[in-house]
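Q: One structure follows; several queries about it will come next.
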Amino acid sequence: MATSTYPARNPQLPLAGFYRRIRVWDQVAYLVTLASAILILAVVGLIVFELWISSQPTMQTFGWSFLTHSRWDPNGEKFGALPFIYGTCVTASLALLIAVPFGVMASVFLAELAPPRLSNILTFLIELLAAVPSVIYGLIGIFVLIPMIRSYLVPSLTSVFGFLPLFQGDFYGVSLLSAGLVLSIMVVPFIISVSREVLLAVPVDQREAALALGTTKWETTWQIVIPNAKVGIIGSVFLALARALGETMAVTMVIGNTPKISASLLAPGYSIAAVIANEFAEASGDLYISSLIFLGLVLFGLTIVINALARILVLTTARRSA
Amino acid sequence: MATPRQQLVKEVDLPSAREYEAPKDSSRWKLGVKNLNFYYGSFQALHNIGIDIARNKITAFIGPSGCGKSTFLRTMNRMNETVRNTRVEGEILLDGENILHMDVTSLRRRVGMVFQKSNPFPKTIFDNVAYGLRVNGVRNQSVVQEAVEKSLERAALWTEVKDQLNKPASALSGGQQQRLCIARALAVEPEVLLLDEPCSALDPIATRKIEELLFEIKSLTTIVIVTHNMQQAARLADYTGFFLMGKLLEFDDTRKIFQNPSVKETEDYVTGRFG
Amino acid sequence: MLMAISPRRKFVNALMLSLSGLCTLIVISVLFFILGYLLFHGARSLNLQFLTSLPKPSGETGGGMANAIVGSFKVLLVATSIGVPLGFLAGVYLAEYSGKTFAFLFRYVVDLLNGVPSIVIGIIAYAVVVRPMKHYSALAGGVALGIMMIPIAVRTTEEFLRSVPNSLREGSLALGATKAKTIFAVVVPAAISGLISGLMLNLARVAGETAPLLFTALGNMFWSRGWMQPIATLPVMIYNYAISPEEDLHQQAWAAGFVLLALVLAVNVTAKMIIMRGPAASRR
């Protein structure tokens, strides 16, 4: 960026003092903006630092075995993170299992089939889904989704797949299944939005090359267009995963908040974010609080790892095709 | 107007590859175009085109930019249908059968296309050429391998890539990529091969290689090429057509077009007075 | 060797393309279902009393969420005064002053901050504000939400400032203006519609956040005075009422949900319209 030059040092010029003052303000502006950036970096550093320090009591009492023990007993001062890690992973996986096929198929429709006007309107509406606050999804989850799951979905699931340990046991509404379903609705707009953009970005000549060989529209889309857009689509899945892992309110309202590990999706469970939300305000005792904070650190760590993986994926694929 | 044999091929479920024979029609003409009008929305891009394309010959279309020659080329394999708001009027006959009433996917297998800028898939060289075969249901590995080798030979690329078939296609030079696209198109054994200014992005040496291979393969297929390079048309084509503003002003033996054109505008164009 | 297209391929083509349309239809239906249900249930329980009165003690019917609505505004005010200036100024630094390496690293860190789960940010705000002060407060809630606003503020500021063509900057500098003056008097105004819509989207996003407020702002059945007391907010109220056993409170939760969603969506749609119609749109 060009810097301006002033006749700064000539005292005979009437406005020399004025220019000098402007120079000062120029410097001030630079320093202020730089300071803001540094302050933000400090905030992030503070987050990491604070999480680490406050987790120390638990880290020192249990060590890393905190992550593998499954007993969560605040009264008996026994804390194990496994039920929450389990619940978080199960609900997130279920959410992706549902959301990814739906999302990618819908993005195919929006990018390849729908006329541009319709596609834009529908995408606009779908992106509004992403703006709905989590607690509202929770509301719908409790009062609408769970009754529907109880009346329709679970009976059919148990009648067809009841022999699997996945669908055994009693169903009380709040469950890993319900949480997974609500999460899938919450993350599908991200997958659609990003996948649609990358599909649209695939050059027309790739499609034309395939069509000119006598392929059907679906074959072209599935065998040529989607592979071309692979990186972006996988990126959107990572994005959805990160969202699903950190999601708090909707999950805690429908998951059952029970720190138990069960093979069945119909059973209630707990997630890391949910237990923090539920128990932090009432937690007393250093070990209890620091265990919850340690859980927060684990969640933070998970998010960093996923973020890093997504970036590595983008970088390696970009380099390979270069 | 399909012959009984063509009807049979369309309606029977074919679980495995069978010999598809073109009708033993002794007529000279492979493609016939009758009263073709084409519209982009309300803009008429082609006006009443009527022409016959000779079998196993090279037909070239020349003309200034934007005159409709590429649009015309793309009607012959119905590629224009990928653009919204287009309309075709008239008839285009392939061996007597109106392609506008045919199944478009089958048509495109029979009428192949090579594009102005090479567009290989992000796959290996081998997979690029094999793609058309695989998508059309050819599963036998040895059949595929043989066909890929044959196509690459015909595209004058085999000797250069035979040891690198598993390398990505993007590793090839521009001229090689274009020959790869030709090989890819040839692999599905098209009856007609349409080429839309295939050499415009290539250097003279790469261009010459492609022109030579087109000469070699015209006995296998009917070639229709659009080019803005008049010398190329003069070198390659048996027949040439001159397009101007969406109209086909003249169509004749190449020698006649270049040495003794009947229409004034043709003469102006080929002598370089404009365009 | 090759045949005309097999009916199987045509069938698969038709099937998969229809499935894609079906999936889109299902997703859109879910959206309309959520909106419709909320509209129906929420509007039914919505009345003037709800918007203007305080919550009634447990067991009594009636009451409203006036304090929660005001509380949300207060907390958002604190959040905006913390997060937006920081994010905006840092964005200015990134777009106008920074070198490449710093920008790359900074963007990575900001991305990281964006990915921090909101509940974890709540923990931090608790540790940094609530614990030393020994009580919950609107300030703590504002700090939590403010931190959440930073990444988006940085990103949108940088994006929209970068979209301003260099010719504007050069024209200003050529007239003898300093760099700072150029930035704040020329570049920022040129990007203003984008910046405002970015701010609106940011606000709409944090307005609906519940988790970070659970143990910072906590909640309040009454009006809160000043900024240092626990304060009721809409999302937290919705959550508390929804999980309570009383049917009357459920109705109020629906009404509050309606109000919250209506506000959030209205701000969202307006912001997107501004982006679509604004001068940045023609430059994109």
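Just remember, in the structure tokens the first chain shown is A, the second B, etc., residues are 1-based per chain, and ligands are 1-based in the order shown.
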Counting only C-alpha atoms, give me one row per residue of chain C with an atom at most 7 Å from an atom of chain A, showing the shortest contact pair and its distance in Å to one decimal, sorted by chain then residue number, as a tab-separated table.

A:
residue	atom	partner	partner_atom	distance
C:Asn13	CA	A:Trp218	CA	5.1
C:Met16	CA	A:Trp218	CA	6.8
C:Leu17	CA	A:Trp218	CA	6.5
C:Ser20	CA	A:Met105	CA	4.6
C:Gly21	CA	A:Phe109	CA	5.6
C:Cys23	CA	A:Ala106	CA	5.2
C:Thr24	CA	A:Ala106	CA	4.5
C:Ile28	CA	A:Ile126	CA	6.7
C:Leu31	CA	A:Leu129	CA	6.2
C:Leu86	CA	A:Ser36	CA	5.4
C:Leu89	CA	A:Thr33	CA	4.8
C:Ala90	CA	A:Ala37	CA	4.5
C:Val92	CA	A:Thr33	CA	6.6
C:Tyr93	CA	A:Thr33	CA	5.2
C:Leu112	CA	A:Ile304	CA	6.6
C:Leu113	CA	A:Val44	CA	6.5
C:Gly115	CA	A:Thr303	CA	6.4
C:Val116	CA	A:Phe300	CA	5.9
C:Pro117	CA	A:Gly246	CA	4.8
C:Ile119	CA	A:Ala273	CA	6.5
C:Val120	CA	A:Gly296	CA	5.6
C:Ile124	CA	A:Ile47	CA	6.2
C:Leu173	CA	A:Ser4	CA	6.6
C:Gly176	CA	A:Ser4	CA	6.4
C:Thr178	CA	A:Ser4	CA	6.2
C:Lys179	CA	A:Asp26	CA	6.7
C:Ala180	CA	A:Asp26	CA	5.2
C:Arg205	CA	A:Ala131	CA	6.7
C:Gly208	CA	A:Pro133	CA	4.8
C:Glu209	CA	A:Pro133	CA	6.6
C:Thr210	CA	A:Val135	CA	6.9
C:Ala211	CA	A:Ala277	CA	6.4
C:Leu214	CA	A:Ala277	CA	6.9
C:Phe215	CA	A:Ala281	CA	5.5
C:Pro235	CA	A:Val135	CA	6.5
C:Tyr239	CA	A:Val135	CA	6.4
C:Ala242	CA	A:Leu139	CA	6.6
C:Gly257	CA	A:Ile136	CA	6.2
C:Leu261	CA	A:Val132	CA	6.7

Q: List the spatial neighbours of B:Glu216 as a list in words - criterion: any atom at most 12 Å away, only C-alpha atoms, same-chain residues fewer than 5 positions off excluded.

A: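 Contacts, with the query itself left out: Asn56, Lys57, Ile58, Glu153, Arg154, Ala155, Ala156, Lys209, Ile210, Glu211, Thr221, Thr222, Ile223 and Leu236 of chain B.
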
Q: For a quick test of understanding: name the residues of chain B lying within 8 Å of chain A when counting only C-alpha atoms, and present them as a ChimeraX atom specification.

A: /B:77,79,104-115,119-122,132,135-136,170,185,188

Q: How would the residues just chosen look if you wrote them out with N, CA and C atoms as a PDB file, in the first residue's frame?

A:
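Printed below is selection-v7.pdb as written:
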ATOM      1  N   ASN B  77     -25.457 -33.612 -31.968  1.00  0.00           N
ATOM      2  CA  ASN B  77     -25.560 -34.597 -30.890  1.00  0.00           C
ATOM      3  C   ASN B  77     -26.404 -34.052 -29.727  1.00  0.00           C
ATOM      4  N   MET B  79     -26.310 -31.531 -27.928  1.00  0.00           N
ATOM      5  CA  MET B  79     -25.638 -30.981 -26.742  1.00  0.00           C
ATOM      6  C   MET B  79     -26.274 -29.665 -26.338  1.00  0.00           C
ATOM      7  N   VAL B 104     -31.691 -39.694 -26.279  1.00  0.00           N
ATOM      8  CA  VAL B 104     -30.535 -38.819 -26.449  1.00  0.00           C
ATOM      9  C   VAL B 104     -29.229 -39.480 -25.991  1.00  0.00           C
ATOM     10  N   THR B 105     -29.317 -40.340 -24.964  1.00  0.00           N
ATOM     11  CA  THR B 105     -28.087 -40.991 -24.499  1.00  0.00           C
ATOM     12  C   THR B 105     -27.546 -41.944 -25.563  1.00  0.00           C
ATOM     13  N   SER B 106     -28.441 -42.697 -26.224  1.00  0.00           N
ATOM     14  CA  SER B 106     -27.988 -43.573 -27.300  1.00  0.00           C
ATOM     15  C   SER B 106     -27.406 -42.770 -28.439  1.00  0.00           C
ATOM     16  N   LEU B 107     -28.069 -41.651 -28.758  1.00  0.00           N
ATOM     17  CA  LEU B 107     -27.573 -40.811 -29.848  1.00  0.00           C
ATOM     18  C   LEU B 107     -26.145 -40.378 -29.585  1.00  0.00           C
ATOM     19  N   ARG B 108     -25.897 -39.943 -28.346  1.00  0.00           N
ATOM     20  CA  ARG B 108     -24.573 -39.376 -28.068  1.00  0.00           C
ATOM     21  C   ARG B 108     -23.492 -40.451 -28.084  1.00  0.00           C
ATOM     22  N   ARG B 109     -23.877 -41.681 -27.898  1.00  0.00           N
ATOM     23  CA  ARG B 109     -22.884 -42.733 -28.028  1.00  0.00           C
ATOM     24  C   ARG B 109     -22.552 -42.930 -29.483  1.00  0.00           C
ATOM     25  N   ARG B 110     -23.526 -42.720 -30.356  1.00  0.00           N
ATOM     26  CA  ARG B 110     -23.283 -42.922 -31.778  1.00  0.00           C
ATOM     27  C   ARG B 110     -22.651 -41.710 -32.436  1.00  0.00           C
ATOM     28  N   VAL B 111     -22.948 -40.537 -31.885  1.00  0.00           N
ATOM     29  CA  VAL B 111     -22.362 -39.310 -32.441  1.00  0.00           C
ATOM     30  C   VAL B 111     -21.491 -38.699 -31.362  1.00  0.00           C
ATOM     31  N   GLY B 112     -20.180 -38.830 -31.508  1.00  0.00           N
ATOM     32  CA  GLY B 112     -19.265 -38.366 -30.466  1.00  0.00           C
ATOM     33  C   GLY B 112     -18.802 -36.951 -30.702  1.00  0.00           C
ATOM     34  N   MET B 113     -18.194 -36.379 -29.668  1.00  0.00           N
ATOM     35  CA  MET B 113     -17.755 -34.996 -29.798  1.00  0.00           C
ATOM     36  C   MET B 113     -16.421 -34.761 -29.122  1.00  0.00           C
ATOM     37  N   VAL B 114     -15.586 -33.958 -29.777  1.00  0.00           N
ATOM     38  CA  VAL B 114     -14.337 -33.487 -29.179  1.00  0.00           C
ATOM     39  C   VAL B 114     -14.446 -31.976 -29.079  1.00  0.00           C
ATOM     40  N   PHE B 115     -14.064 -31.425 -27.924  1.00  0.00           N
ATOM     41  CA  PHE B 115     -14.353 -30.030 -27.657  1.00  0.00           C
ATOM     42  C   PHE B 115     -13.159 -29.125 -27.914  1.00  0.00           C
ATOM     43  N   ASN B 119     -10.753 -31.608 -22.304  1.00  0.00           N
ATOM     44  CA  ASN B 119     -11.393 -31.737 -20.998  1.00  0.00           C
ATOM     45  C   ASN B 119     -11.291 -33.162 -20.456  1.00  0.00           C
ATOM     46  N   PRO B 120     -10.079 -33.650 -20.245  1.00  0.00           N
ATOM     47  CA  PRO B 120      -9.968 -35.007 -19.701  1.00  0.00           C
ATOM     48  C   PRO B 120     -10.513 -35.064 -18.286  1.00  0.00           C
ATOM     49  N   PHE B 121     -11.018 -36.215 -17.913  1.00  0.00           N
ATOM     50  CA  PHE B 121     -11.518 -36.392 -16.564  1.00  0.00           C
ATOM     51  C   PHE B 121     -10.335 -36.471 -15.597  1.00  0.00           C
ATOM     52  N   PRO B 122     -10.578 -36.132 -14.320  1.00  0.00           N
ATOM     53  CA  PRO B 122      -9.500 -36.263 -13.336  1.00  0.00           C
ATOM     54  C   PRO B 122      -9.263 -37.734 -12.989  1.00  0.00           C
ATOM     55  N   GLY B 132     -15.927 -44.396 -21.437  1.00  0.00           N
ATOM     56  CA  GLY B 132     -17.118 -44.541 -22.278  1.00  0.00           C
ATOM     57  C   GLY B 132     -17.530 -46.001 -22.410  1.00  0.00           C
ATOM     58  N   VAL B 135     -19.068 -47.271 -19.025  1.00  0.00           N
ATOM     59  CA  VAL B 135     -20.390 -46.728 -18.739  1.00  0.00           C
ATOM     60  C   VAL B 135     -21.443 -47.390 -19.631  1.00  0.00           C
ATOM     61  N   ASN B 136     -20.994 -47.864 -20.813  1.00  0.00           N
ATOM     62  CA  ASN B 136     -21.936 -48.526 -21.703  1.00  0.00           C
ATOM     63  C   ASN B 136     -22.024 -50.004 -21.441  1.00  0.00           C
ATOM     64  N   SER B 170      -3.968 -35.376 -16.398  1.00  0.00           N
ATOM     65  CA  SER B 170      -3.556 -33.969 -16.306  1.00  0.00           C
ATOM     66  C   SER B 170      -2.062 -33.796 -16.473  1.00  0.00           C
ATOM     67  N   ALA B 185     -13.150 -40.435 -27.251  1.00  0.00           N
ATOM     68  CA  ALA B 185     -14.369 -40.419 -28.077  1.00  0.00           C
ATOM     69  C   ALA B 185     -14.396 -41.602 -29.010  1.00  0.00           C
ATOM     70  N   VAL B 188     -15.703 -45.514 -27.986  1.00  0.00           N
ATOM     71  CA  VAL B 188     -17.076 -46.034 -28.054  1.00  0.00           C
ATOM     72  C   VAL B 188     -17.540 -46.248 -29.488  1.00  0.00           C
TER      73      VAL B 188
END

Q: Would you kindly return, as JSON, numbers by chain, each protein, DNA or RNA residue with an atom no farther than 10 Å from any atom of A:Ser262, considering only C-alpha atoms and excluding same-chain residues fewer than 3 positions away?

A: {"A": [83, 86, 87, 165, 166, 168, 169, 176, 259, 265, 266, 267, 268, 269]}

Q: Using only C-alpha atoms for the distances, tell me which of B:Val161, B:Cys67, B:Leu133, B:Leu180 is nearest to chain C.

A: B:Leu133

Q: Could you jot down the atom CA of C:Leu105 to atom CA of A:Val305 separation for me, Å, one decimal place?

A: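 Here the two named atoms are 16.5 Å from each other.
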
Q: Just how far from atom CA of A:Ala111 is atom CA of C:Ala14, in Å to one decimal?

A: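 Those two atoms sit 16.7 Å apart.
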
Q: So that I can see what lies close to C:Phe160, please list as a ChimeraX atom specification the residues with an atom at most 12 Å from it, counting only C-alpha atoms and leaving out residues fewer than 2 positions away in the same chain.

A: /C:88,91-92,94-96,152-158,162-165,187-199,275,278-281,283-284

Q: List every residue of stretch 71-249 of chain B that DSSP, applied to the backbone, labels as strand (DSSP E or B), and write the result as a ChimeraX atom specification.

A: /B:86-94,97-98,111-114,124,168,192-196,222-226,239-244,247-249

Q: Enumerate, as a VMD selection string, the complete set of residues in stretch 151-256 of chain C that a backbone-based DSSP assignment places in alpha helix (DSSP H).

A: chain C and resid 151 to 162 166 to 174 179 to 181 188 to 190 192 to 207 234 to 242 247 to 256
